[in-house]
>>> print(open('upload_12.cif').read())   # mmCIF, C-alpha atoms, pLDDT in the B column; chains and numbers go by the auth columns
data_my_file
loop_
_atom_site.group_PDB
_atom_site.id
_atom_site.type_symbol
_atom_site.label_atom_id
_atom_site.label_comp_id
_atom_site.label_asym_id
_atom_site.label_seq_id
_atom_site.Cartn_x
_atom_site.Cartn_y
_atom_site.Cartn_z
_atom_site.B_iso_or_equiv
_atom_site.auth_seq_id
_atom_site.auth_asym_id
ATOM 1 C CA GLN A 1 0.000 0.000 0.000 67.00 1 A
ATOM 2 C CA LYS A 2 1.403 3.354 -1.019 68.00 2 A
ATOM 3 C CA GLU A 3 1.469 5.685 1.951 89.00 3 A
ATOM 4 C CA VAL A 4 2.187 9.124 3.284 93.00 4 A
ATOM 5 C CA GLU A 5 3.391 9.270 6.893 93.00 5 A
ATOM 6 C CA GLN A 6 3.314 12.152 9.357 93.00 6 A
ATOM 7 C CA ASN A 7 3.936 12.480 13.064 85.00 7 A
ATOM 8 C CA SER A 8 0.535 13.186 14.623 80.00 8 A
ATOM 9 C CA GLY A 9 1.901 15.600 17.233 84.00 9 A
ATOM 10 C CA PRO A 10 0.869 17.791 18.821 91.00 10 A
ATOM 11 C CA LEU A 11 3.841 19.923 17.912 95.00 11 A
ATOM 12 C CA SER A 12 3.999 22.854 20.286 96.00 12 A
ATOM 13 C CA VAL A 13 6.064 25.969 19.497 97.00 13 A
ATOM 14 C CA PRO A 14 6.159 29.430 21.072 97.00 14 A
ATOM 15 C CA GLU A 15 4.857 32.415 19.158 97.00 15 A
ATOM 16 C CA GLY A 16 7.508 33.811 16.802 97.00 16 A
ATOM 17 C CA ALA A 17 9.417 30.526 16.507 97.00 17 A
ATOM 18 C CA ILE A 18 9.892 28.350 13.431 97.00 18 A
ATOM 19 C CA ALA A 19 7.576 25.351 13.216 97.00 19 A
ATOM 20 C CA SER A 20 8.925 22.395 11.253 96.00 20 A
ATOM 21 C CA LEU A 21 6.488 19.786 9.962 97.00 21 A
ATOM 22 C CA ASN A 22 7.702 16.608 8.304 96.00 22 A
ATOM 23 C CA CYS A 23 6.308 13.979 5.993 96.00 23 A
ATOM 24 C CA THR A 24 7.665 10.855 4.286 96.00 24 A
ATOM 25 C CA TYR A 25 6.154 8.927 1.411 94.00 25 A
ATOM 26 C CA SER A 26 6.573 5.371 0.227 92.00 26 A
ATOM 27 C CA ASP A 27 6.123 5.668 -3.551 88.00 27 A
ATOM 28 C CA ARG A 28 9.386 6.687 -5.173 88.00 28 A
ATOM 29 C CA GLY A 29 7.493 7.585 -8.367 86.00 29 A
ATOM 30 C CA SER A 30 5.406 10.315 -6.703 87.00 30 A
ATOM 31 C CA GLN A 31 5.806 13.682 -8.414 84.00 31 A
ATOM 32 C CA SER A 32 3.410 16.138 -6.793 92.00 32 A
ATOM 33 C CA PHE A 33 3.248 17.105 -3.140 95.00 33 A
ATOM 34 C CA PHE A 34 0.945 19.374 -1.208 96.00 34 A
ATOM 35 C CA TRP A 35 0.483 20.866 2.231 97.00 35 A
ATOM 36 C CA TYR A 36 -3.001 21.613 3.505 97.00 36 A
ATOM 37 C CA ARG A 37 -4.016 23.432 6.672 98.00 37 A
ATOM 38 C CA GLN A 38 -7.180 22.330 8.427 97.00 38 A
ATOM 39 C CA TYR A 39 -8.781 24.193 11.294 97.00 39 A
ATOM 40 C CA SER A 40 -11.015 22.223 13.632 93.00 40 A
ATOM 41 C CA GLY A 41 -14.426 21.618 12.045 91.00 41 A
ATOM 42 C CA LYS A 42 -13.367 23.088 8.699 94.00 42 A
ATOM 43 C CA SER A 43 -12.268 21.606 5.391 95.00 43 A
ATOM 44 C CA PRO A 44 -8.607 21.436 4.286 96.00 44 A
ATOM 45 C CA GLU A 45 -7.156 24.548 2.667 96.00 45 A
ATOM 46 C CA LEU A 46 -4.258 24.292 0.205 95.00 46 A
ATOM 47 C CA ILE A 47 -1.279 26.349 1.366 95.00 47 A
ATOM 48 C CA MET A 48 1.681 24.997 -0.625 95.00 48 A
ATOM 49 C CA SER A 49 2.439 22.742 -3.547 95.00 49 A
ATOM 50 C CA ILE A 50 5.898 21.512 -4.579 96.00 50 A
ATOM 51 C CA TYR A 51 6.954 19.458 -7.557 93.00 51 A
ATOM 52 C CA SER A 52 10.752 19.576 -7.789 93.00 52 A
ATOM 53 C CA ASN A 53 13.630 19.028 -5.385 95.00 53 A
ATOM 54 C CA GLY A 54 14.633 21.971 -3.239 95.00 54 A
ATOM 55 C CA ASP A 55 12.835 24.760 -1.465 96.00 55 A
ATOM 56 C CA LYS A 56 9.768 26.761 -2.402 96.00 56 A
ATOM 57 C CA GLU A 57 8.910 29.855 -0.413 97.00 57 A
ATOM 58 C CA ASP A 58 5.598 31.689 -0.097 96.00 58 A
ATOM 59 C CA GLY A 59 5.471 34.358 2.569 96.00 59 A
ATOM 60 C CA ARG A 60 6.122 32.766 5.965 97.00 60 A
ATOM 61 C CA PHE A 61 5.865 29.258 4.503 98.00 61 A
ATOM 62 C CA THR A 62 8.669 27.211 2.942 98.00 62 A
ATOM 63 C CA ALA A 63 8.119 23.760 1.496 97.00 63 A
ATOM 64 C CA GLN A 64 11.124 21.487 1.034 97.00 64 A
ATOM 65 C CA LEU A 65 11.275 18.376 -1.127 97.00 65 A
ATOM 66 C CA ASN A 66 13.970 15.698 -1.184 96.00 66 A
ATOM 67 C CA LYS A 67 12.995 12.958 -3.604 93.00 67 A
ATOM 68 C CA ALA A 68 16.080 10.855 -2.919 94.00 68 A
ATOM 69 C CA SER A 69 15.081 10.609 0.752 94.00 69 A
ATOM 70 C CA GLN A 70 11.333 10.593 -0.059 94.00 70 A
ATOM 71 C CA TYR A 71 10.835 13.434 2.356 95.00 71 A
ATOM 72 C CA VAL A 72 8.726 16.606 2.307 97.00 72 A
ATOM 73 C CA SER A 73 8.699 19.295 4.951 97.00 73 A
ATOM 74 C CA LEU A 74 6.924 22.547 5.715 98.00 74 A
ATOM 75 C CA LEU A 75 8.555 25.356 7.664 98.00 75 A
ATOM 76 C CA ILE A 76 6.446 28.124 9.159 98.00 76 A
ATOM 77 C CA ARG A 77 8.490 31.150 10.167 98.00 77 A
ATOM 78 C CA ASP A 78 7.366 33.642 12.817 98.00 78 A
ATOM 79 C CA SER A 79 4.619 31.257 13.958 97.00 79 A
ATOM 80 C CA GLN A 80 1.401 32.899 15.106 97.00 80 A
ATOM 81 C CA PRO A 81 -1.395 31.528 17.321 97.00 81 A
ATOM 82 C CA SER A 82 -3.604 31.669 14.201 97.00 82 A
ATOM 83 C CA ASP A 83 -1.316 29.020 12.657 97.00 83 A
ATOM 84 C CA SER A 84 -2.578 26.515 15.238 97.00 84 A
ATOM 85 C CA ALA A 85 -4.257 23.858 13.119 97.00 85 A
ATOM 86 C CA THR A 86 -3.722 20.377 11.712 96.00 86 A
ATOM 87 C CA TYR A 87 -1.366 20.270 8.726 97.00 87 A
ATOM 88 C CA LEU A 88 -1.952 17.546 6.165 96.00 88 A
ATOM 89 C CA CYS A 89 0.718 16.334 3.788 96.00 89 A
ATOM 90 C CA ALA A 90 -0.559 14.848 0.520 95.00 90 A
ATOM 91 C CA ALA A 91 0.950 13.337 -2.592 93.00 91 A
ATOM 92 C CA ILE A 92 -0.135 12.094 -5.958 90.00 92 A
ATOM 93 C CA MET A 93 1.225 8.584 -6.146 83.00 93 A
ATOM 94 C CA ASP A 94 2.559 7.053 -9.332 70.00 94 A
ATOM 95 C CA THR A 95 -0.624 5.097 -10.011 69.00 95 A
ATOM 96 C CA GLY A 96 -1.983 7.084 -12.929 71.00 96 A
ATOM 97 C CA ARG A 97 -4.722 8.260 -10.600 75.00 97 A
ATOM 98 C CA ARG A 98 -4.911 11.989 -10.030 78.00 98 A
ATOM 99 C CA ALA A 99 -6.391 11.654 -6.551 85.00 99 A
ATOM 100 C CA LEU A 100 -4.422 12.618 -3.453 90.00 100 A
ATOM 101 C CA THR A 101 -3.102 10.248 -0.817 91.00 101 A
ATOM 102 C CA PHE A 102 -3.073 12.009 2.537 93.00 102 A
ATOM 103 C CA GLY A 103 -1.043 11.610 5.678 93.00 103 A
ATOM 104 C CA SER A 104 -2.952 11.544 8.934 92.00 104 A
ATOM 105 C CA GLY A 105 -1.913 15.111 9.783 94.00 105 A
ATOM 106 C CA THR A 106 0.233 16.868 12.377 95.00 106 A
ATOM 107 C CA ARG A 107 -1.482 19.065 14.940 96.00 107 A
ATOM 108 C CA LEU A 108 0.414 22.305 15.513 97.00 108 A
ATOM 109 C CA GLN A 109 -0.098 24.431 18.607 97.00 109 A
ATOM 110 C CA VAL A 110 1.464 27.891 18.718 97.00 110 A
ATOM 111 C CA GLN A 111 1.665 29.136 22.288 95.00 111 A
ATOM 112 C CA PRO A 112 1.185 32.906 22.776 93.00 112 A
ATOM 113 C CA ASP B 1 -11.476 32.518 -6.269 73.00 1 B
ATOM 114 C CA VAL B 2 -12.228 28.803 -6.389 72.00 2 B
ATOM 115 C CA LYS B 3 -15.813 28.037 -5.434 86.00 3 B
ATOM 116 C CA VAL B 4 -16.890 24.557 -4.403 94.00 4 B
ATOM 117 C CA THR B 5 -20.223 24.240 -2.655 95.00 5 B
ATOM 118 C CA GLN B 6 -21.785 21.266 -0.927 96.00 6 B
ATOM 119 C CA SER B 7 -25.508 20.889 -0.451 90.00 7 B
ATOM 120 C CA SER B 8 -25.545 20.710 3.357 91.00 8 B
ATOM 121 C CA ARG B 9 -23.138 21.471 6.187 94.00 9 B
ATOM 122 C CA TYR B 10 -24.901 19.133 8.616 96.00 10 B
ATOM 123 C CA LEU B 11 -27.203 16.227 7.876 97.00 11 B
ATOM 124 C CA VAL B 12 -28.915 13.671 10.116 97.00 12 B
ATOM 125 C CA LYS B 13 -30.405 10.545 8.543 97.00 13 B
ATOM 126 C CA ARG B 14 -31.778 7.232 9.718 97.00 14 B
ATOM 127 C CA THR B 15 -30.350 3.791 9.026 98.00 15 B
ATOM 128 C CA GLY B 16 -31.570 2.456 5.681 97.00 16 B
ATOM 129 C CA GLU B 17 -32.371 5.831 4.146 97.00 17 B
ATOM 130 C CA LYS B 18 -31.034 6.768 0.730 97.00 18 B
ATOM 131 C CA VAL B 19 -28.829 9.844 1.085 97.00 19 B
ATOM 132 C CA PHE B 20 -27.736 12.286 -1.608 97.00 20 B
ATOM 133 C CA LEU B 21 -24.765 14.598 -1.113 97.00 21 B
ATOM 134 C CA GLU B 22 -24.220 17.181 -3.821 97.00 22 B
ATOM 135 C CA CYS B 23 -21.128 19.051 -4.851 97.00 23 B
ATOM 136 C CA VAL B 24 -21.128 21.954 -7.302 96.00 24 B
ATOM 137 C CA GLN B 25 -18.156 23.855 -8.717 95.00 25 B
ATOM 138 C CA ASP B 26 -17.916 27.045 -10.731 90.00 26 B
ATOM 139 C CA MET B 27 -14.356 26.535 -12.030 85.00 27 B
ATOM 140 C CA ASP B 28 -15.040 24.346 -15.082 86.00 28 B
ATOM 141 C CA HIS B 29 -12.567 21.764 -13.778 88.00 29 B
ATOM 142 C CA GLU B 30 -12.783 18.245 -15.148 89.00 30 B
ATOM 143 C CA ASN B 31 -11.670 16.360 -12.046 92.00 31 B
ATOM 144 C CA MET B 32 -13.924 15.945 -9.040 95.00 32 B
ATOM 145 C CA PHE B 33 -13.441 13.788 -5.968 95.00 33 B
ATOM 146 C CA TRP B 34 -15.316 12.564 -2.912 97.00 34 B
ATOM 147 C CA TYR B 35 -13.415 11.842 0.315 96.00 35 B
ATOM 148 C CA ARG B 36 -14.516 10.989 3.808 97.00 36 B
ATOM 149 C CA GLN B 37 -12.580 12.014 6.901 96.00 37 B
ATOM 150 C CA ASP B 38 -12.668 10.140 10.187 94.00 38 B
ATOM 151 C CA PRO B 39 -10.631 10.617 13.382 89.00 39 B
ATOM 152 C CA GLY B 40 -7.606 8.338 13.363 83.00 40 B
ATOM 153 C CA LEU B 41 -8.195 7.262 9.751 85.00 41 B
ATOM 154 C CA GLY B 42 -7.577 10.539 7.958 87.00 42 B
ATOM 155 C CA LEU B 43 -8.937 11.385 4.525 93.00 43 B
ATOM 156 C CA ARG B 44 -9.921 8.458 2.319 93.00 44 B
ATOM 157 C CA LEU B 45 -10.974 8.508 -1.312 94.00 45 B
ATOM 158 C CA ILE B 46 -14.437 7.146 -2.083 96.00 46 B
ATOM 159 C CA TYR B 47 -14.980 7.923 -5.779 96.00 47 B
ATOM 160 C CA PHE B 48 -13.675 10.298 -8.404 94.00 48 B
ATOM 161 C CA SER B 49 -14.526 11.473 -11.881 94.00 49 B
ATOM 162 C CA TYR B 50 -12.450 12.916 -14.709 90.00 50 B
ATOM 163 C CA ASP B 51 -15.344 13.808 -16.987 90.00 51 B
ATOM 164 C CA VAL B 52 -19.105 13.909 -17.373 91.00 52 B
ATOM 165 C CA LYS B 53 -20.710 10.470 -17.019 87.00 53 B
ATOM 166 C CA MET B 54 -17.354 9.011 -16.040 89.00 54 B
ATOM 167 C CA LYS B 55 -16.582 7.581 -12.598 93.00 55 B
ATOM 168 C CA GLU B 56 -13.815 5.588 -10.953 93.00 56 B
ATOM 169 C CA LYS B 57 -13.771 3.763 -7.627 94.00 57 B
ATOM 170 C CA GLY B 58 -11.458 5.045 -4.962 92.00 58 B
ATOM 171 C CA ASP B 59 -10.160 3.150 -1.965 91.00 59 B
ATOM 172 C CA ILE B 60 -13.446 2.697 -0.075 95.00 60 B
ATOM 173 C CA PRO B 61 -16.353 2.652 -2.576 97.00 61 B
ATOM 174 C CA GLU B 62 -18.458 0.001 -0.824 96.00 62 B
ATOM 175 C CA GLY B 63 -21.892 1.291 0.103 96.00 63 B
ATOM 176 C CA TYR B 64 -21.590 4.358 -2.122 98.00 64 B
ATOM 177 C CA SER B 65 -22.327 5.310 -5.709 97.00 65 B
ATOM 178 C CA VAL B 66 -21.868 8.550 -7.651 97.00 66 B
ATOM 179 C CA SER B 67 -23.424 10.468 -10.488 96.00 67 B
ATOM 180 C CA ARG B 68 -21.949 13.072 -12.791 96.00 68 B
ATOM 181 C CA GLU B 69 -24.538 14.157 -15.343 94.00 69 B
ATOM 182 C CA LYS B 70 -23.118 17.678 -15.746 94.00 70 B
ATOM 183 C CA LYS B 71 -19.538 18.881 -15.569 93.00 71 B
ATOM 184 C CA GLU B 72 -20.143 21.178 -12.622 94.00 72 B
ATOM 185 C CA ARG B 73 -22.028 18.719 -10.419 96.00 73 B
ATOM 186 C CA PHE B 74 -20.827 15.524 -8.729 97.00 74 B
ATOM 187 C CA SER B 75 -23.211 13.666 -6.435 97.00 75 B
ATOM 188 C CA LEU B 76 -22.413 11.037 -3.826 98.00 76 B
ATOM 189 C CA ILE B 77 -25.178 8.569 -3.027 98.00 77 B
ATOM 190 C CA LEU B 78 -25.448 6.365 0.019 97.00 78 B
ATOM 191 C CA GLU B 79 -27.781 3.640 -1.215 94.00 79 B
ATOM 192 C CA SER B 80 -28.826 2.485 2.265 97.00 80 B
ATOM 193 C CA ALA B 81 -27.234 4.541 5.011 97.00 81 B
ATOM 194 C CA SER B 82 -25.590 2.714 7.895 97.00 82 B
ATOM 195 C CA THR B 83 -24.183 3.994 11.176 97.00 83 B
ATOM 196 C CA ASN B 84 -20.610 3.310 10.025 97.00 84 B
ATOM 197 C CA GLN B 85 -21.138 5.912 7.310 98.00 85 B
ATOM 198 C CA THR B 86 -21.344 8.650 9.929 98.00 86 B
ATOM 199 C CA SER B 87 -18.479 10.895 8.881 97.00 87 B
ATOM 200 C CA MET B 88 -17.343 14.201 7.405 97.00 88 B
ATOM 201 C CA TYR B 89 -17.734 14.073 3.619 98.00 89 B
ATOM 202 C CA LEU B 90 -15.506 16.321 1.552 97.00 90 B
ATOM 203 C CA CYS B 91 -15.793 17.113 -2.125 97.00 91 B
ATOM 204 C CA ALA B 92 -12.739 18.364 -3.993 96.00 92 B
ATOM 205 C CA ILE B 93 -12.092 19.650 -7.467 94.00 93 B
ATOM 206 C CA GLY B 94 -8.812 19.254 -9.301 89.00 94 B
ATOM 207 C CA GLY B 95 -7.261 21.546 -11.804 77.00 95 B
ATOM 208 C CA PRO B 96 -3.827 21.800 -13.325 72.00 96 B
ATOM 209 C CA PRO B 97 -1.231 21.089 -12.092 75.00 97 B
ATOM 210 C CA ASN B 98 -2.973 18.525 -9.891 81.00 98 B
ATOM 211 C CA GLU B 99 -3.886 20.993 -7.143 89.00 99 B
ATOM 212 C CA GLN B 100 -7.131 20.130 -5.395 92.00 100 B
ATOM 213 C CA PHE B 101 -9.538 22.465 -3.650 93.00 101 B
ATOM 214 C CA PHE B 102 -12.087 21.351 -1.129 96.00 102 B
ATOM 215 C CA GLY B 103 -15.654 22.323 -0.462 96.00 103 B
ATOM 216 C CA PRO B 104 -16.806 23.157 3.087 96.00 104 B
ATOM 217 C CA GLY B 105 -17.750 19.551 3.875 97.00 105 B
ATOM 218 C CA THR B 106 -20.925 17.821 5.013 97.00 106 B
ATOM 219 C CA ARG B 107 -21.007 16.309 8.472 97.00 107 B
ATOM 220 C CA LEU B 108 -23.365 13.342 8.173 97.00 108 B
ATOM 221 C CA THR B 109 -24.787 11.531 11.173 98.00 109 B
ATOM 222 C CA VAL B 110 -26.631 8.252 10.616 98.00 110 B
ATOM 223 C CA LEU B 111 -28.792 7.190 13.551 97.00 111 B
#
>>> encode(input="upload_12.cif", output="structure tokens")
Amino acid sequence: QKEVEQNSGPLSVPEGAIASLNCTYSDRGSQSFFWYRQYSGKSPELIMSIYSNGDKEDGRFTAQLNKASQYVSLLIRDSQPSDSATYLCAAIMDTGRRALTFGSGTRLQVQP
Amino acid sequence: DVKVTQSSRYLVKRTGEKVFLECVQDMDHENMFWYRQDPGLGLRLIYFSYDVKMKEKGDIPEGYSVSREKKERFSLILESASTNQTSMYLCAIGGPPNEQFFGPGTRLTVL
């Protein structure tokens, strides 16, 4: 079974710190990776996508992809209490199917 | 702005009822998906569609069917609702390059 793995947390960081969220995936042929943020009781919201090795920055968010290690990460700089949410890592596996395979999510708590 | 709407935010049904969940998009995207989300199990794919009148089974299709008669509308049908189908149901649309956007979700309770 092709999988995406995340540490469930909670990951607790103080306000203003860098939060680092990690994800590994089992299918070496995966090409597309995504980070979603989900507040309690709400639907997932796409915050970052990454397709090639290296870093991709968007405001306070940086996604990092290392295909050799089958590893994706999300860094949140200057963390704010409003960043407290569950972060879902997702990938499109090399199955010819365009649907996402999701990790179980990491709960982030930013302490004021 | 991407707009995906789902017919209900909250729904309560009885065991054995036929349940229709509707998803409508205004983005003219071809790909539409139905997921369910449960604590401890995460998001799981039920069915998806790449075009009108086309459907493909996801990972957990048992007990569900779908209909896509128009490009903008993708319906999930619970033929005979059971208590183990109590869940949050999420519709998503997919555009290039494979990014998916979710609707607000329907929290279904089957009594």
>>> closest_atom_pairs(input="upload_12.cif", of="chain A", to="chain B", cutoff="10 Å", atoms="all atoms listed in the file", output="JSON lines")
{"residue": "A:Ser8", "atom": "CA", "partner": "B:Gly40", "partner_atom": "CA", "distance": 9.6}
{"residue": "A:Ser32", "atom": "CA", "partner": "B:Asn98", "partner_atom": "CA", "distance": 7.5}
{"residue": "A:Phe33", "atom": "CA", "partner": "B:Glu99", "partner_atom": "CA", "distance": 9.1}
{"residue": "A:Phe34", "atom": "CA", "partner": "B:Glu99", "partner_atom": "CA", "distance": 7.8}
{"residue": "A:Tyr36", "atom": "CA", "partner": "B:Phe101", "partner_atom": "CA", "distance": 9.7}
{"residue": "A:Gly41", "atom": "CA", "partner": "B:Gly105", "partner_atom": "CA", "distance": 9.1}
{"residue": "A:Lys42", "atom": "CA", "partner": "B:Pro104", "partner_atom": "CA", "distance": 6.6}
{"residue": "A:Ser43", "atom": "CA", "partner": "B:Pro104", "partner_atom": "CA", "distance": 5.3}
{"residue": "A:Pro44", "atom": "CA", "partner": "B:Phe102", "partner_atom": "CA", "distance": 6.4}
{"residue": "A:Glu45", "atom": "CA", "partner": "B:Phe102", "partner_atom": "CA", "distance": 7.0}
{"residue": "A:Leu46", "atom": "CA", "partner": "B:Phe101", "partner_atom": "CA", "distance": 6.8}
{"residue": "A:Met48", "atom": "CA", "partner": "B:Glu99", "partner_atom": "CA", "distance": 9.5}
{"residue": "A:Ser49", "atom": "CA", "partner": "B:Glu99", "partner_atom": "CA", "distance": 7.5}
{"residue": "A:Tyr51", "atom": "CA", "partner": "B:Pro97", "partner_atom": "CA", "distance": 9.5}
{"residue": "A:Leu88", "atom": "CA", "partner": "B:Gly42", "partner_atom": "CA", "distance": 9.2}
{"residue": "A:Ala90", "atom": "CA", "partner": "B:Leu43", "partner_atom": "CA", "distance": 9.9}
{"residue": "A:Ala91", "atom": "CA", "partner": "B:Asn98", "partner_atom": "CA", "distance": 9.8}
{"residue": "A:Ile92", "atom": "CA", "partner": "B:Asn98", "partner_atom": "CA", "distance": 8.1}
{"residue": "A:Arg97", "atom": "CA", "partner": "B:Gly58", "partner_atom": "CA", "distance": 9.4}
{"residue": "A:Arg98", "atom": "CA", "partner": "B:Asn98", "partner_atom": "CA", "distance": 6.8}
{"residue": "A:Ala99", "atom": "CA", "partner": "B:Phe33", "partner_atom": "CA", "distance": 7.4}
{"residue": "A:Leu100", "atom": "CA", "partner": "B:Leu45", "partner_atom": "CA", "distance": 8.0}
{"residue": "A:Thr101", "atom": "CA", "partner": "B:Arg44", "partner_atom": "CA", "distance": 7.7}
{"residue": "A:Phe102", "atom": "CA", "partner": "B:Leu43", "partner_atom": "CA", "distance": 6.2}
{"residue": "A:Gly103", "atom": "CA", "partner": "B:Gly42", "partner_atom": "CA", "distance": 7.0}
{"residue": "A:Ser104", "atom": "CA", "partner": "B:Gly42", "partner_atom": "CA", "distance": 4.8}
{"residue": "A:Gly105", "atom": "CA", "partner": "B:Gly42", "partner_atom": "CA", "distance": 7.5}
>>> atom_distance(input="upload_12.cif", atom1="atom CA of B:Gln6", atom2="atom CA of A:Trp35")
22.5 Å
>>> residues_around(input="upload_12.cif", residues="B:Val2", least_positions_apart="4", cutoff="9 Å", atoms="all atoms listed in the file", output="count of residues only")
4
>>> atom_distance(input="upload_12.cif", atom1="atom CA of B:Ser8", atom2="atom CA of B:Ser75")
12.3 Å
>>> resolve_selection(input="upload_12.cif", expression="the PyMOL selection byres ((chain A and resi 59-64) around 12)", output="PyMOL selection string")
chain A and resi 16-24+33-37+47-58+65-67+69-80+83+89
>>> resolve_selection(input="upload_12.cif", expression="the PyMOL selection byres ((chain A and resi 111) around 8)", output="ChimeraX atom specification")
/A:12-15,81,109-110,112
>>> resolve_selection(input="upload_12.cif", expression="the PyMOL selection byres ((chain A and resi 106) around 6)", output="PDB file with C-alpha atoms, in the frame of the given file")
ATOM      1  CA  ASN A   7       3.936  12.480  13.064  1.00 85.00           C
ATOM      2  CA  SER A   8       0.535  13.186  14.623  1.00 80.00           C
ATOM      3  CA  GLY A   9       1.901  15.600  17.233  1.00 84.00           C
ATOM      4  CA  THR A  86      -3.722  20.377  11.712  1.00 96.00           C
ATOM      5  CA  TYR A  87      -1.366  20.270   8.726  1.00 97.00           C
ATOM      6  CA  GLY A 105      -1.913  15.111   9.783  1.00 94.00           C
ATOM      7  CA  ARG A 107      -1.482  19.065  14.940  1.00 96.00           C
TER       8      ARG A 107
END
>>> closest_residue(input="upload_12.cif", among="B:Lys57, B:Lys3, B:Arg9, B:Lys18", to="B:Glu72", atoms="all atoms listed in the file")
B:Lys3
>>> atom_distance(input="upload_12.cif", atom1="atom CA of B:Asp1", atom2="atom CA of B:Arg36")
24.0 Å
>>> residues_around(input="upload_12.cif", residues="B:Ser7", least_positions_apart="3", cutoff="8 Å", atoms="only C-alpha atoms", output="ChimeraX atom specification")
/B:21-23,106
>>> residues_around(input="upload_12.cif", residues="B:Thr86", least_positions_apart="4", cutoff="9 Å", atoms="only C-alpha atoms", output="number ranges by chain")
B: 38, 81-82, 107-111
>>> write_last_selection(input="upload_12.cif", atoms="C-alpha atoms", output="compact mmCIF listing (two decimals), in the frame of the given file")
# COMPACT_ATOMS: atom_id res chain seq x y z
CA ASP B 38 -12.67 10.14 10.19
CA ALA B 81 -27.23 4.54 5.01
CA SER B 82 -25.59 2.71 7.90
CA ARG B 107 -21.01 16.31 8.47
CA LEU B 108 -23.36 13.34 8.17
CA THR B 109 -24.79 11.53 11.17
CA VAL B 110 -26.63 8.25 10.62
CA LEU B 111 -28.79 7.19 13.55
>>> axis_aligned_box(input="upload_12.cif", around="stretch 76-87 of chain B", padding_each_side="3 Å", output="JSON")
{"center_x": -23.7, "center_y": 6.8, "center_z": 3.7, "size_x": 16.3, "size_y": 14.6, "size_z": 21.0}
>>> residues_around(input="upload_12.cif", residues="A:Ser30", least_positions_apart="2", cutoff="6 Å", atoms="all atoms listed in the file", output="PyMOL selection string")
chain A and resi 27-28+92-94
>>> write_last_selection(input="upload_12.cif", atoms="C-alpha atoms", output="short mmCIF file (atom, residue, chain, number, x, y, z; two decimals), keeping the file's coordinate frame")
data_model
loop_
_atom_site.label_atom_id
_atom_site.label_comp_id
_atom_site.auth_asym_id
_atom_site.auth_seq_id
_atom_site.Cartn_x
_atom_site.Cartn_y
_atom_site.Cartn_z
CA ASP A 27 6.12 5.67 -3.55
CA ARG A 28 9.39 6.69 -5.17
CA ILE A 92 -0.14 12.09 -5.96
CA MET A 93 1.23 8.58 -6.15
CA ASP A 94 2.56 7.05 -9.33
#
